[in-house]
$ cat start24.csv   # CSV, C-alpha atoms
chain,number,residue,atom,x,y,z
A,6,MET,CA,0.0,0.0,0.0
A,7,ASN,CA,1.4,3.4,-1.0
A,8,THR,CA,1.1,6.1,1.6
A,9,SER,CA,2.8,8.9,-0.4
A,10,THR,CA,1.0,11.9,-2.0
A,11,ASP,CA,2.0,14.1,-4.9
A,12,GLN,CA,0.4,17.1,-3.3
A,13,ASN,CA,2.7,17.3,-0.4
A,14,ALA,CA,5.7,15.1,0.0
A,15,SER,CA,6.0,15.9,3.7
A,16,GLU,CA,2.5,14.6,4.5
A,17,THR,CA,1.2,11.1,4.0
A,18,ALA,CA,-2.1,10.4,2.2
A,19,PHE,CA,-4.9,9.4,4.5
A,20,LEU,CA,-6.0,5.9,3.5
A,21,GLY,CA,-9.2,5.2,5.4
A,22,LEU,CA,-10.1,1.5,6.0
A,23,ALA,CA,-10.5,0.2,2.5
A,24,PRO,CA,-6.9,-0.5,1.5
A,25,PHE,CA,-6.3,-2.4,4.8
A,26,LEU,CA,-9.4,-4.5,4.3
A,27,ARG,CA,-8.4,-5.2,0.7
A,28,ALA,CA,-5.0,-6.3,1.9
A,29,SER,CA,-6.5,-8.5,4.5
A,30,ALA,CA,-8.9,-10.1,2.0
A,31,ALA,CA,-5.9,-10.8,-0.2
A,32,GLY,CA,-4.2,-12.7,2.6
A,33,GLN,CA,-1.4,-10.2,2.9
A,34,GLU,CA,0.6,-10.2,6.1
A,35,MET,CA,-0.2,-6.9,7.9
A,36,LYS,CA,2.3,-7.0,10.7
A,37,PRO,CA,5.4,-6.0,8.6
A,38,TYR,CA,3.4,-3.1,7.1
A,39,ALA,CA,2.3,-1.9,10.5
A,40,GLU,CA,5.8,-2.1,11.8
A,41,SER,CA,7.1,0.0,8.8
A,42,LEU,CA,4.4,2.6,9.4
A,43,LEU,CA,5.3,2.7,13.1
A,44,ALA,CA,9.0,3.3,12.3
A,45,GLU,CA,8.0,6.1,9.8
A,46,ALA,CA,5.6,7.7,12.3
A,47,GLN,CA,8.3,7.9,15.0
A,48,GLN,CA,10.2,10.1,12.6
A,49,ARG,CA,7.2,12.2,11.6
A,50,GLN,CA,5.2,12.8,14.7
A,51,THR,CA,3.2,15.7,13.3
A,52,ASP,CA,2.0,13.8,10.2
A,53,SER,CA,-1.6,13.2,11.4
A,54,PRO,CA,-2.7,11.2,8.3
A,55,LEU,CA,0.2,8.8,8.8
A,56,TRP,CA,-0.7,8.3,12.4
A,57,MET,CA,-4.3,7.6,11.5
A,58,ASN,CA,-3.2,5.0,9.0
A,59,LEU,CA,-1.0,3.5,11.7
A,60,SER,CA,-4.0,3.4,14.0
A,61,VAL,CA,-6.0,1.3,11.5
A,62,ALA,CA,-3.0,-0.9,10.8
A,63,MET,CA,-2.5,-1.7,14.5
A,64,GLN,CA,-6.1,-2.5,14.9
A,65,CYS,CA,-6.0,-4.9,11.9
A,66,ILE,CA,-3.2,-6.9,13.6
A,67,GLY,CA,-5.2,-7.1,16.8
A,68,GLN,CA,-3.6,-4.2,18.7
A,69,ARG,CA,-6.8,-2.4,19.4
A,70,ASP,CA,-5.9,-0.4,22.4
A,71,ILE,CA,-2.6,0.7,20.9
A,72,GLY,CA,-4.4,1.7,17.8
A,73,LEU,CA,-6.9,3.8,19.7
A,74,ASN,CA,-4.1,5.6,21.6
A,75,ILE,CA,-2.4,6.4,18.3
A,76,GLN,CA,-5.7,7.6,16.9
A,77,SER,CA,-6.1,9.9,19.9
A,78,LEU,CA,-2.7,11.4,19.3
A,79,ALA,CA,-3.5,12.0,15.7
A,80,LEU,CA,-6.8,13.7,16.5
A,81,GLU,CA,-5.2,16.1,18.9
A,82,GLN,CA,-3.5,17.6,15.8
A,83,GLN,CA,-6.1,17.2,13.1
A,84,ARG,CA,-9.8,16.2,13.0
A,85,ILE,CA,-10.6,16.5,9.3
A,86,PHE,CA,-9.3,14.0,6.7
A,87,HIS,CA,-9.9,13.9,3.0
A,88,LEU,CA,-10.2,10.9,0.6
A,89,PRO,CA,-10.3,12.5,-2.9
A,90,ALA,CA,-12.5,11.0,-5.6
A,91,MET,CA,-10.5,8.6,-7.8
A,92,GLN,CA,-12.7,9.4,-10.8
A,93,GLN,CA,-13.4,12.8,-12.3
A,94,PRO,CA,-15.5,14.8,-12.5
A,95,VAL,CA,-16.6,14.6,-8.9
A,96,LEU,CA,-20.2,13.5,-8.4
A,97,THR,CA,-20.6,14.5,-4.8
A,98,ARG,CA,-18.7,15.9,-1.9
A,99,LEU,CA,-19.8,13.7,1.0
A,100,LEU,CA,-19.2,15.0,4.6
A,101,VAL,CA,-18.9,11.9,6.8
A,102,LEU,CA,-19.4,12.7,10.5
A,103,MET,CA,-17.2,10.3,12.5
A,104,THR,CA,-16.5,9.6,16.2
A,105,PRO,CA,-13.2,8.6,17.6
A,106,GLY,CA,-13.2,4.8,18.2
A,107,ASP,CA,-12.2,1.5,16.7
A,108,ILE,CA,-12.8,0.4,13.1
A,109,ALA,CA,-16.4,-0.7,14.1
A,110,ALA,CA,-17.3,2.7,15.5
A,111,ASN,CA,-18.4,4.3,12.2
A,112,THR,CA,-19.9,3.5,8.9
A,113,PRO,CA,-17.0,2.2,6.6
A,114,ILE,CA,-18.5,4.0,3.6
A,115,ASP,CA,-15.1,4.2,1.9
A,116,CYS,CA,-15.2,0.5,1.4
A,117,LEU,CA,-18.4,0.7,-0.6
A,118,LEU,CA,-17.3,3.9,-2.5
A,119,GLU,CA,-13.7,2.9,-3.0
A,120,ARG,CA,-12.3,4.2,-6.3
A,121,THR,CA,-15.4,6.1,-7.3
A,122,ASP,CA,-16.2,9.7,-8.2
A,123,VAL,CA,-17.3,10.6,-4.6
A,124,ASP,CA,-15.1,13.0,-2.5
A,125,LEU,CA,-15.1,11.8,1.1
A,126,ILE,CA,-14.5,14.3,3.8
A,127,PHE,CA,-14.1,12.6,7.2
A,128,TYR,CA,-14.9,15.0,10.1
A,129,TYR,CA,-14.3,13.7,13.6
A,130,VAL,CA,-16.8,15.5,15.8
A,131,SER,CA,-15.9,16.3,19.4
A,132,GLU,CA,-17.7,17.0,22.6
A,133,PRO,CA,-19.2,19.2,23.8
A,134,TYR,CA,-19.3,21.1,20.5
A,135,PRO,CA,-19.5,18.7,17.6
A,136,PHE,CA,-18.4,21.3,15.0
A,137,ALA,CA,-15.5,22.9,16.9
A,138,LEU,CA,-13.7,23.4,13.5
A,139,PRO,CA,-15.0,25.1,10.4
A,140,VAL,CA,-17.1,22.7,8.3
A,141,PRO,CA,-15.6,22.1,4.8
A,142,GLU,CA,-17.8,22.7,1.8
A,143,HIS,CA,-19.9,19.7,1.0
A,144,ASP,CA,-23.1,18.6,-0.8
A,145,VAL,CA,-24.4,15.9,1.4
A,146,VAL,CA,-23.9,14.8,5.0
A,147,LEU,CA,-23.7,11.2,6.3
A,148,VAL,CA,-23.9,10.5,10.0
A,149,ALA,CA,-21.6,7.5,10.3
A,150,ILE,CA,-21.5,7.2,14.1
A,151,SER,CA,-22.6,3.9,15.5
A,152,GLU,CA,-25.2,3.3,18.1
A,153,SER,CA,-23.9,2.8,21.7
A,154,ASP,CA,-24.4,4.3,25.1
A,155,GLU,CA,-21.2,6.2,24.9
A,156,HIS,CA,-22.4,7.9,21.6
A,157,ARG,CA,-25.8,9.0,22.9
A,158,ALA,CA,-24.7,12.5,24.0
A,159,MET,CA,-23.0,13.1,20.7
A,160,LEU,CA,-25.9,12.0,18.7
A,161,LEU,CA,-28.2,14.3,20.7
A,162,ALA,CA,-25.9,17.2,20.1
A,163,LEU,CA,-25.8,16.4,16.4
A,164,GLU,CA,-29.6,16.1,16.3
A,165,GLU,CA,-29.8,19.7,17.4
A,166,ARG,CA,-27.2,21.0,15.1
A,167,LEU,CA,-28.4,19.1,12.0
A,168,GLN,CA,-32.1,19.9,12.4
A,169,ASP,CA,-32.0,22.8,9.9
A,170,TRP,CA,-28.8,21.9,8.1
A,171,PRO,CA,-28.7,23.5,4.6
A,172,GLN,CA,-27.5,20.3,3.0
A,173,PRO,CA,-29.3,16.9,2.9
A,174,VAL,CA,-28.5,14.5,5.8
A,175,ILE,CA,-28.3,10.7,5.4
A,176,ASN,CA,-29.2,8.8,8.6
A,177,GLN,CA,-30.5,11.5,10.9
A,178,PRO,CA,-28.9,11.1,14.3
A,179,ASN,CA,-32.2,10.8,16.2
A,180,ARG,CA,-33.0,7.6,14.2
A,181,ILE,CA,-29.7,5.8,14.9
A,182,PRO,CA,-30.6,4.6,18.4
A,183,CYS,CA,-33.3,2.4,16.9
A,184,VAL,CA,-30.7,0.0,15.6
A,185,GLY,CA,-29.7,-1.1,19.1
A,186,ARG,CA,-30.3,-4.8,19.6
A,187,ASP,CA,-33.1,-4.3,22.2
A,188,ALA,CA,-34.6,-1.3,20.4
A,189,ALA,CA,-34.6,-3.0,17.0
A,190,SER,CA,-36.3,-6.1,18.3
A,191,ALA,CA,-39.0,-4.0,20.0
A,192,LEU,CA,-39.4,-1.9,16.8
A,193,LEU,CA,-39.8,-4.8,14.4
A,194,ARG,CA,-41.1,-7.9,16.2
A,195,ASP,CA,-44.7,-7.3,15.3
A,196,VAL,CA,-44.1,-6.8,11.6
A,197,PRO,CA,-45.8,-9.5,9.5
A,198,GLY,CA,-43.2,-11.7,7.9
A,199,ILE,CA,-40.4,-10.9,10.3
A,200,ALA,CA,-39.1,-13.3,12.9
A,201,MET,CA,-37.1,-11.3,15.5
A,202,PRO,CA,-37.4,-12.5,19.1
A,203,PRO,CA,-37.3,-9.9,21.8
A,204,THR,CA,-33.7,-9.0,22.8
A,205,LEU,CA,-33.5,-8.3,26.5
A,206,ARG,CA,-30.8,-6.5,28.4
A,207,CYS,CA,-30.1,-8.0,31.8
A,208,ALA,CA,-27.5,-7.7,34.6
A,209,ARG,CA,-24.9,-10.3,35.4
A,210,GLU,CA,-26.5,-10.8,38.8
A,211,THR,CA,-29.8,-11.8,37.2
A,212,LEU,CA,-28.2,-14.5,35.0
A,213,GLN,CA,-26.2,-15.7,37.9
A,214,ALA,CA,-29.3,-16.3,39.9
A,215,ILE,CA,-30.9,-18.2,37.0
A,216,ALA,CA,-27.8,-20.3,36.6
A,217,ALA,CA,-27.7,-21.2,40.3
A,218,GLY,CA,-31.4,-22.2,40.2
A,219,GLN,CA,-32.4,-19.3,42.5
A,220,SER,CA,-34.6,-17.8,39.7
A,221,ASN,CA,-36.5,-19.3,36.8
A,222,LEU,CA,-35.7,-18.1,33.2
A,223,ALA,CA,-39.3,-18.4,32.0
A,224,GLU,CA,-40.7,-16.6,35.0
A,225,LYS,CA,-38.1,-13.9,34.9
A,226,PHE,CA,-38.4,-13.1,31.2
A,227,SER,CA,-42.1,-13.6,30.2
A,228,GLY,CA,-42.0,-17.2,29.0
A,229,LEU,CA,-38.5,-17.2,27.6
A,230,ASP,CA,-37.2,-20.7,27.6
A,231,TYR,CA,-34.0,-22.6,26.5
A,232,PRO,CA,-32.3,-22.6,24.2
A,233,ILE,CA,-31.3,-18.9,24.3
A,234,ILE,CA,-28.4,-16.9,22.9
A,235,VAL,CA,-26.3,-14.8,25.2
A,236,ARG,CA,-23.7,-12.1,24.5
A,237,PRO,CA,-22.2,-9.2,26.5
A,238,TYR,CA,-24.0,-6.0,26.1
A,239,ASP,CA,-21.2,-4.3,24.1
A,240,SER,CA,-20.3,-7.4,22.1
A,241,GLN,CA,-19.6,-7.0,18.4
A,242,ALA,CA,-18.8,-9.5,15.6
A,243,GLY,CA,-19.9,-12.5,17.6
A,244,ARG,CA,-17.5,-11.9,20.5
A,245,ASP,CA,-18.5,-14.1,23.4
A,246,LEU,CA,-21.8,-15.0,21.7
A,247,ALA,CA,-23.1,-18.4,22.8
A,248,ARG,CA,-26.1,-20.7,22.6
A,249,ILE,CA,-27.2,-21.9,26.0
A,250,ALA,CA,-29.5,-24.9,26.4
A,251,ALA,CA,-29.6,-25.3,30.2
A,252,ALA,CA,-28.9,-23.5,33.5
A,253,GLU,CA,-25.7,-25.5,33.9
A,254,GLU,CA,-24.4,-24.2,30.5
A,255,LEU,CA,-25.3,-20.7,31.6
A,256,ALA,CA,-23.2,-21.1,34.8
A,257,GLU,CA,-20.2,-22.4,32.7
A,258,TYR,CA,-20.6,-19.4,30.3
A,259,LEU,CA,-20.6,-16.8,33.2
A,260,ALA,CA,-17.5,-18.4,34.6
A,261,LYS,CA,-15.7,-17.6,31.4
A,262,VAL,CA,-17.2,-14.3,30.4
A,263,GLN,CA,-16.8,-11.5,32.9
A,264,ALA,CA,-19.1,-8.9,31.5
A,265,SER,CA,-21.5,-6.9,33.8
A,266,ASP,CA,-24.4,-6.7,31.4
A,267,PHE,CA,-25.7,-9.0,28.7
A,268,PHE,CA,-28.2,-9.4,25.9
A,269,ILE,CA,-30.3,-12.5,25.8
A,270,ALA,CA,-32.9,-13.8,23.3
A,271,ARG,CA,-34.6,-16.9,22.2
A,272,PHE,CA,-32.6,-19.0,19.8
A,273,ILE,CA,-34.4,-19.8,16.5
A,274,ASP,CA,-33.1,-22.8,14.6
A,275,TYR,CA,-32.7,-21.5,11.0
A,276,SER,CA,-31.0,-24.5,9.6
A,277,GLY,CA,-32.2,-25.9,6.3
A,278,ASP,CA,-33.3,-29.5,5.5
A,279,ASP,CA,-29.6,-30.4,4.9
A,280,GLY,CA,-28.6,-29.2,8.4
A,281,LEU,CA,-26.7,-26.2,7.1
A,282,PHE,CA,-27.2,-22.6,8.1
A,283,ARG,CA,-27.4,-19.7,5.6
A,284,LYS,CA,-26.8,-16.1,6.7
A,285,PHE,CA,-27.0,-13.1,4.4
A,286,ARG,CA,-26.3,-9.4,4.5
A,287,ILE,CA,-28.4,-7.0,2.5
A,288,ALA,CA,-28.3,-3.2,2.2
A,289,LEU,CA,-31.3,-0.9,2.2
A,290,ILE,CA,-30.4,2.3,0.3
A,291,ASN,CA,-33.2,4.8,0.3
A,292,GLY,CA,-35.6,1.8,0.4
A,293,HIS,CA,-33.8,-0.1,-2.4
A,294,ALA,CA,-32.6,-3.6,-1.4
A,295,CYS,CA,-29.2,-4.9,-2.6
A,296,ALA,CA,-27.5,-8.2,-1.9
A,297,CYS,CA,-24.1,-7.9,-0.2
A,298,HIS,CA,-23.2,-11.5,0.6
A,299,MET,CA,-24.4,-14.9,1.8
A,300,ALA,CA,-22.5,-17.4,3.9
A,301,VAL,CA,-23.2,-21.1,4.3
A,302,SER,CA,-22.0,-23.1,7.3
A,303,GLY,CA,-22.6,-26.1,9.5
A,304,ASN,CA,-22.3,-23.7,12.5
A,305,TRP,CA,-25.2,-21.6,13.6
A,306,MET,CA,-22.9,-18.7,14.5
A,307,ILE,CA,-21.8,-17.8,11.0
A,308,HIS,CA,-19.0,-15.4,10.1
A,309,TYR,CA,-18.2,-15.0,6.4
A,310,VAL,CA,-14.5,-15.3,6.9
A,311,ASN,CA,-14.7,-18.7,8.7
A,312,ALA,CA,-17.7,-20.2,7.0
A,313,GLY,CA,-15.6,-22.1,4.4
A,314,MET,CA,-16.7,-19.9,1.5
A,315,TYR,CA,-13.1,-19.6,0.2
A,316,GLU,CA,-12.6,-23.4,0.3
A,317,ASP,CA,-15.9,-24.7,-0.9
A,318,ALA,CA,-17.0,-24.1,-4.5
A,319,ASN,CA,-20.5,-25.4,-3.8
A,320,LYS,CA,-21.0,-22.8,-1.1
A,321,ARG,CA,-19.9,-20.1,-3.5
A,322,ALA,CA,-22.3,-21.4,-6.1
A,323,GLU,CA,-25.1,-21.0,-3.5
A,324,GLU,CA,-24.1,-17.4,-2.8
A,325,LEU,CA,-24.0,-16.7,-6.5
A,326,ALA,CA,-27.5,-18.1,-6.9
A,327,PHE,CA,-28.7,-16.0,-4.0
A,328,MET,CA,-27.3,-12.9,-5.6
A,329,GLU,CA,-28.5,-13.8,-9.1
A,330,HIS,CA,-32.1,-14.4,-7.9
A,331,PHE,CA,-32.2,-11.7,-5.3
A,332,ASP,CA,-35.2,-10.0,-6.9
A,333,ASP,CA,-37.2,-13.1,-6.0
A,334,PHE,CA,-36.0,-12.7,-2.4
A,335,VAL,CA,-37.0,-9.1,-2.4
A,336,GLN,CA,-40.4,-10.0,-3.8
A,337,ARG,CA,-41.0,-12.6,-1.0
A,338,HIS,CA,-40.0,-10.1,1.7
A,339,ARG,CA,-41.2,-6.8,0.2
A,340,THR,CA,-43.7,-6.0,3.0
A,341,ALA,CA,-41.1,-6.7,5.7
A,342,LEU,CA,-38.3,-4.7,4.0
A,343,ASP,CA,-40.6,-1.7,3.5
A,344,ALA,CA,-41.6,-1.9,7.1
A,345,ILE,CA,-38.0,-1.9,8.2
A,346,CYS,CA,-37.3,1.2,6.1
A,347,ARG,CA,-40.4,3.0,7.3
A,348,ARG,CA,-40.0,2.2,11.0
A,349,THR,CA,-36.3,2.9,11.3
A,350,GLY,CA,-36.4,6.0,9.1
A,351,LEU,CA,-32.8,5.4,8.1
A,352,ASP,CA,-31.7,6.1,4.5
A,353,TYR,CA,-28.7,3.6,4.6
A,354,LEU,CA,-29.1,0.4,6.6
A,355,LEU,CA,-27.7,-3.1,6.6
A,356,ILE,CA,-29.5,-6.3,7.7
A,357,ASP,CA,-27.8,-9.5,8.8
A,358,GLY,CA,-30.4,-12.3,8.7
A,359,ALA,CA,-31.7,-15.5,7.3
A,360,GLU,CA,-34.9,-17.2,6.2
A,361,THR,CA,-36.7,-19.5,8.6
A,362,ARG,CA,-38.1,-22.8,7.4
A,363,ASP,CA,-41.6,-21.4,7.2
A,364,GLY,CA,-40.3,-18.5,5.0
A,365,GLU,CA,-40.1,-15.6,7.5
A,366,LEU,CA,-37.3,-13.1,7.4
A,367,LEU,CA,-35.2,-13.9,10.5
A,368,ILE,CA,-33.3,-10.7,11.6
A,369,PHE,CA,-30.2,-11.0,13.6
A,370,GLU,CA,-29.1,-7.4,13.5
A,371,ILE,CA,-29.9,-4.2,11.7
A,372,ASP,CA,-27.2,-1.5,11.6
A,373,HIS,CA,-25.6,1.2,9.5
A,374,THR,CA,-22.0,0.4,10.3
A,375,MET,CA,-21.6,-3.1,8.8
A,376,VAL,CA,-19.0,-3.3,6.0
A,377,VAL,CA,-20.0,-3.7,2.3
A,378,HIS,CA,-17.2,-4.4,-0.1
A,379,ALA,CA,-16.2,-6.3,-3.3
A,380,MET,CA,-12.6,-7.1,-2.2
A,381,ASP,CA,-12.6,-10.9,-2.2
A,382,PRO,CA,-10.3,-12.5,-4.7
A,383,GLU,CA,-12.0,-12.3,-8.1
A,384,ASP,CA,-10.7,-15.7,-9.2
A,385,LEU,CA,-12.8,-17.3,-6.4
A,386,PHE,CA,-15.7,-14.8,-6.4
A,387,PRO,CA,-16.0,-13.5,-10.0
A,388,TYR,CA,-19.7,-12.5,-9.3
A,389,LYS,CA,-19.0,-10.2,-6.3
A,390,GLN,CA,-17.9,-7.2,-8.4
A,391,ARG,CA,-21.0,-7.2,-10.4
A,392,HIS,CA,-23.4,-7.5,-7.6
A,393,ILE,CA,-21.7,-5.2,-5.1
A,394,ALA,CA,-21.7,-2.7,-7.9
A,395,LYS,CA,-25.5,-2.6,-7.7
A,396,ALA,CA,-25.2,-1.4,-4.1
A,397,ARG,CA,-22.5,1.1,-5.0
A,398,ASP,CA,-24.6,2.4,-7.9
A,399,ALA,CA,-27.7,2.7,-5.8
A,400,PHE,CA,-25.8,4.7,-3.2
A,401,ARG,CA,-24.2,6.9,-5.9
A,402,ALA,CA,-27.6,7.5,-7.5
A,403,TYR,CA,-29.0,8.5,-4.1
A,404,LEU,CA,-26.1,10.9,-3.5
A,405,GLN,CA,-26.6,12.3,-7.0
A,406,HIS,CA,-30.3,13.0,-6.3
A,407,LEU,CA,-29.5,14.6,-2.9
A,408,THR,CA,-26.7,16.7,-4.4
A,409,GLN,CA,-29.1,18.0,-7.0
A,410,VAL,CA,-31.6,18.9,-4.3
A,411,SER,CA,-28.8,20.6,-2.4
A,412,ARG,CA,-27.6,22.7,-5.3
A,413,ASP,CA,-31.2,23.6,-6.4
A,414,ALA,CA,-32.1,24.8,-2.9
$ encode --input "start24.csv" --output "structure tokens"
Amino acid sequence: MNTSTDQNASETAFLGLAPFLRASAAGQEMKPYAESLLAEAQQRQTDSPLWMNLSVAMQCIGQRDIGLNIQSLALEQQRIFHLPAMQQPVLTRLLVLMTPGDIAANTPIDCLLERTDVDLIFYYVSEPYPFALPVPEHDVVLVAISESDEHRAMLLALEERLQDWPQPVINQPNRIPCVGRDAASALLRDVPGIAMPPTLRCARETLQAIAAGQSNLAEKFSGLDYPIIVRPYDSQAGRDLARIAAAEELAEYLAKVQASDFFIARFIDYSGDDGLFRKFRIALINGHACACHMAVSGNWMIHYVNAGMYEDANKRAEELAFMEHFDDFVQRHRTALDAICRRTGLDYLLIDGAETRDGELLIFEIDHTMVVHAMDPEDLFPYKQRHIAKARDAFRAYLQHLTQVSRDA
């Protein structure tokens, strides 16, 4: 990955997340590159883009805390970073409002819009005044900040500031809290055609009492019974997610996972007749649904990178069929998808889910910060470029529409 820039030889080009994700997808060893960035950064301590690149590199090799410390040092010097459009003329100048945090803290929109005609301006907002620095010229705003307790105050501050913003805003901050696991399940569980069991937040002490037989799961949580899924409240990417079938298993789980708060929900077996599980990711862009990927696995807890998609041609053939016939999927679930768009009020939203055996749309998670990309090796996934391009084109078309609205105002 080249970090140089023709504009200013003394300053590194800000890279964002996309090049690092691309290198990871290609199987490149990231540690030597991170070490070379570190050596360079030690000699150029005022080069904020270089330090931001180093922050991402360190997180990609599993050094999250070090990466966040490096990011903090970079943001002390600079809070606005620019990824110029790779194609000319520029379609849109998109102002992306970011929060300090790890690579899951914000919408990785540069991965979807990599190498396009969209100028990306990353503005890291700060408390108590989100726009402490002058706001660069732009056509459209994207609120990229993820839903979490620690971001609530910032989202509230942005809600007030963006209420009468002169440019169009994608994903209004007051709508972002609805993607929280408990909030989303309450919002969507009564929609016809959707299977989304209530996700309940509970304290460790409550689960400990249930595990010890001092309390009854079904009585404590309105008829909830085993099997259940349990995860720490702040868990992402399946970290410490487990399926629990009995109180004894819950006790074993709590002995290993030392979180103070958890989410629990009823487990729904979504395996097919062949015993395999199929999990998909779809994007909803201004109401338009696009297929992002589908993974097939013998394990109910599916992650695309360890589902065997790279090793198994039959699984890739299934994913291809899912993408090729995605219009049929949309037709089957049109009512449910429209309801999700309407109830969340979000312009850009991702869904991780599956189909139950009786044909309902089983939703694991809705969010706006999941990654969408076409960086998998083309020799194994020749169909990915074509289908991810549909999502990219849908987002660009929406940006073009909003940009015209902005310029006509």
$ residues_around --input "start24.csv" --residues "Arg337 in chain A" --least-positions-apart "3" --cutoff "10 Å" --atoms "only C-alpha atoms" --output "list in words"
Gly198, Phe331, Asp332, Asp333, Phe334, Thr340, Ala341, Leu342, Gly364, Glu365 and Leu366 of chain A
$ residues_around --input "start24.csv" --residues "Trp305 in chain A" --least-positions-apart "2" --cutoff "7 Å" --atoms "all atoms listed in the file" --output "list in words"
Phe282, Gly303 and Ile307 of chain A
$ atom_distance --input "start24.csv" --atom1 "CA of Lys36 in chain A" --atom2 "CA of Gln64 in chain A"
10.4 Å
$ residues_around --input "start24.csv" --residues "Pro173 in chain A" --least-positions-apart "6" --cutoff "12 Å" --atoms "all atoms listed in the file" --output "JSON, numbers by chain"
{"A": [97, 98, 99, 100, 143, 144, 145, 146, 147, 148, 167, 352, 403, 404, 405, 406, 407, 408, 409, 410, 411, 412, 413, 414]}
$ atom_distance --input "start24.csv" --atom1 "CA of Ala260 in chain A" --atom2 "CA of Leu205 in chain A"
20.6 Å
$ closest_atom_pairs --input "start24.csv" --of "range 273-347 of chain A" --to "range 246-256 of chain A" --cutoff "12 Å" --atoms "all atoms listed in the file" --output "tab-separated table"
residue	atom	partner	partner_atom	distance
A:Ile273	CA	A:Arg248	CA	10.3
A:Asp274	CA	A:Arg248	CA	10.8
A:Asn304	CA	A:Arg248	CA	11.2
A:Trp305	CA	A:Arg248	CA	9.1
A:Met306	CA	A:Leu246	CA	8.2
A:Ile307	CA	A:Leu246	CA	11.1
A:His308	CA	A:Leu246	CA	11.9
$ closest_residue --input "start24.csv" --among "A:Val123, A:Asp239, A:Pro232, A:Asp278" --to "Ser151 in chain A" --atoms "all atoms listed in the file"
A:Asp239
$ closest_residue --input "start24.csv" --among "A:Leu354, A:Cys207, A:Met299, A:Ala396" --to "Arg180 in chain A" --atoms "only C-alpha atoms"
A:Leu354
$ atom_distance --input "start24.csv" --atom1 "CA of His298 in chain A" --atom2 "CA of Met63 in chain A"
26.8 Å
$ closest_residue --input "start24.csv" --among "A:Leu163, A:Thr17, A:Ala394, A:Thr51" --to "Tyr134 in chain A" --atoms "only C-alpha atoms"
A:Leu163
$ closest_residue --input "start24.csv" --among "A:Pro37, A:Gly106, A:Pro113, A:Gly280" --to "Val376 in chain A" --atoms "all atoms listed in the file"
A:Pro113
$ closest_residue --input "start24.csv" --among "A:Phe386, A:Tyr38, A:Tyr231, A:Phe25" --to "Asp317 in chain A" --atoms "all atoms listed in the file"
A:Phe386
$ residues_near_point --input "start24.csv" --point "(-15.3, 12.0, 10.3)" --cutoff "6 Å" --atoms "only C-alpha atoms" --output "JSON, numbers by chain"
{"A": [101, 102, 103, 127, 128, 129]}
$ residues_around --input "start24.csv" --residues "Leu138 in chain A" --least-positions-apart "6" --cutoff "10 Å" --atoms "all atoms listed in the file" --output "PDB file with C-alpha atoms, in the coordinates of the input"
ATOM      1  CA  GLN A  83      -6.100  17.200  13.100  1.00  0.00           C
ATOM      2  CA  ARG A  84      -9.800  16.200  13.000  1.00  0.00           C
ATOM      3  CA  ILE A  85     -10.600  16.500   9.300  1.00  0.00           C
ATOM      4  CA  TYR A 128     -14.900  15.000  10.100  1.00  0.00           C
ATOM      5  CA  TYR A 129     -14.300  13.700  13.600  1.00  0.00           C
ATOM      6  CA  VAL A 130     -16.800  15.500  15.800  1.00  0.00           C
ATOM      7  CA  SER A 131     -15.900  16.300  19.400  1.00  0.00           C
TER       8      SER A 131
END
$ closest_residue --input "start24.csv" --among "A:Arg120, A:Lys225, A:Arg209, A:Arg401" --to "Tyr238 in chain A" --atoms "only C-alpha atoms"
A:Arg209
$ residues_near_point --input "start24.csv" --point "(-7.0, -8.6, 1.9)" --cutoff "12 Å" --atoms "only C-alpha atoms" --output "PyMOL selection string"
chain A and resi 6+22-35+65+310+378-383
$ residues_around --input "start24.csv" --residues "range 190-194 of chain A" --least-positions-apart "4" --cutoff "8 Å" --atoms "only C-alpha atoms" --output "short mmCIF file (atom, residue, chain, number, x, y, z; two decimals) with C-alpha atoms, in the frame of the given file"
data_model
loop_
_atom_site.label_atom_id
_atom_site.label_comp_id
_atom_site.auth_asym_id
_atom_site.auth_seq_id
_atom_site.Cartn_x
_atom_site.Cartn_y
_atom_site.Cartn_z
CA CYS A 183 -33.30 2.40 16.90
CA ARG A 186 -30.30 -4.80 19.60
CA ILE A 199 -40.40 -10.90 10.30
CA ALA A 200 -39.10 -13.30 12.90
CA MET A 201 -37.10 -11.30 15.50
CA PRO A 202 -37.40 -12.50 19.10
CA PRO A 203 -37.30 -9.90 21.80
CA THR A 204 -33.70 -9.00 22.80
CA ILE A 345 -38.00 -1.90 8.20
CA ARG A 348 -40.00 2.20 11.00
CA THR A 349 -36.30 2.90 11.30
#
$ closest_atom_pairs --input "start24.csv" --of "range 259-287 of chain A" --to "range 318-330 of chain A" --cutoff "12 Å" --atoms "all atoms listed in the file" --output "JSON lines"
{"residue": "A:Leu281", "atom": "CA", "partner": "A:Lys320", "partner_atom": "CA", "distance": 10.5}
{"residue": "A:Phe282", "atom": "CA", "partner": "A:Lys320", "partner_atom": "CA", "distance": 11.1}
{"residue": "A:Arg283", "atom": "CA", "partner": "A:Glu324", "partner_atom": "CA", "distance": 9.3}
{"residue": "A:Lys284", "atom": "CA", "partner": "A:Glu324", "partner_atom": "CA", "distance": 10.0}
{"residue": "A:Phe285", "atom": "CA", "partner": "A:Glu324", "partner_atom": "CA", "distance": 8.9}
{"residue": "A:Arg286", "atom": "CA", "partner": "A:Met328", "partner_atom": "CA", "distance": 10.7}
{"residue": "A:Ile287", "atom": "CA", "partner": "A:Met328", "partner_atom": "CA", "distance": 10.1}
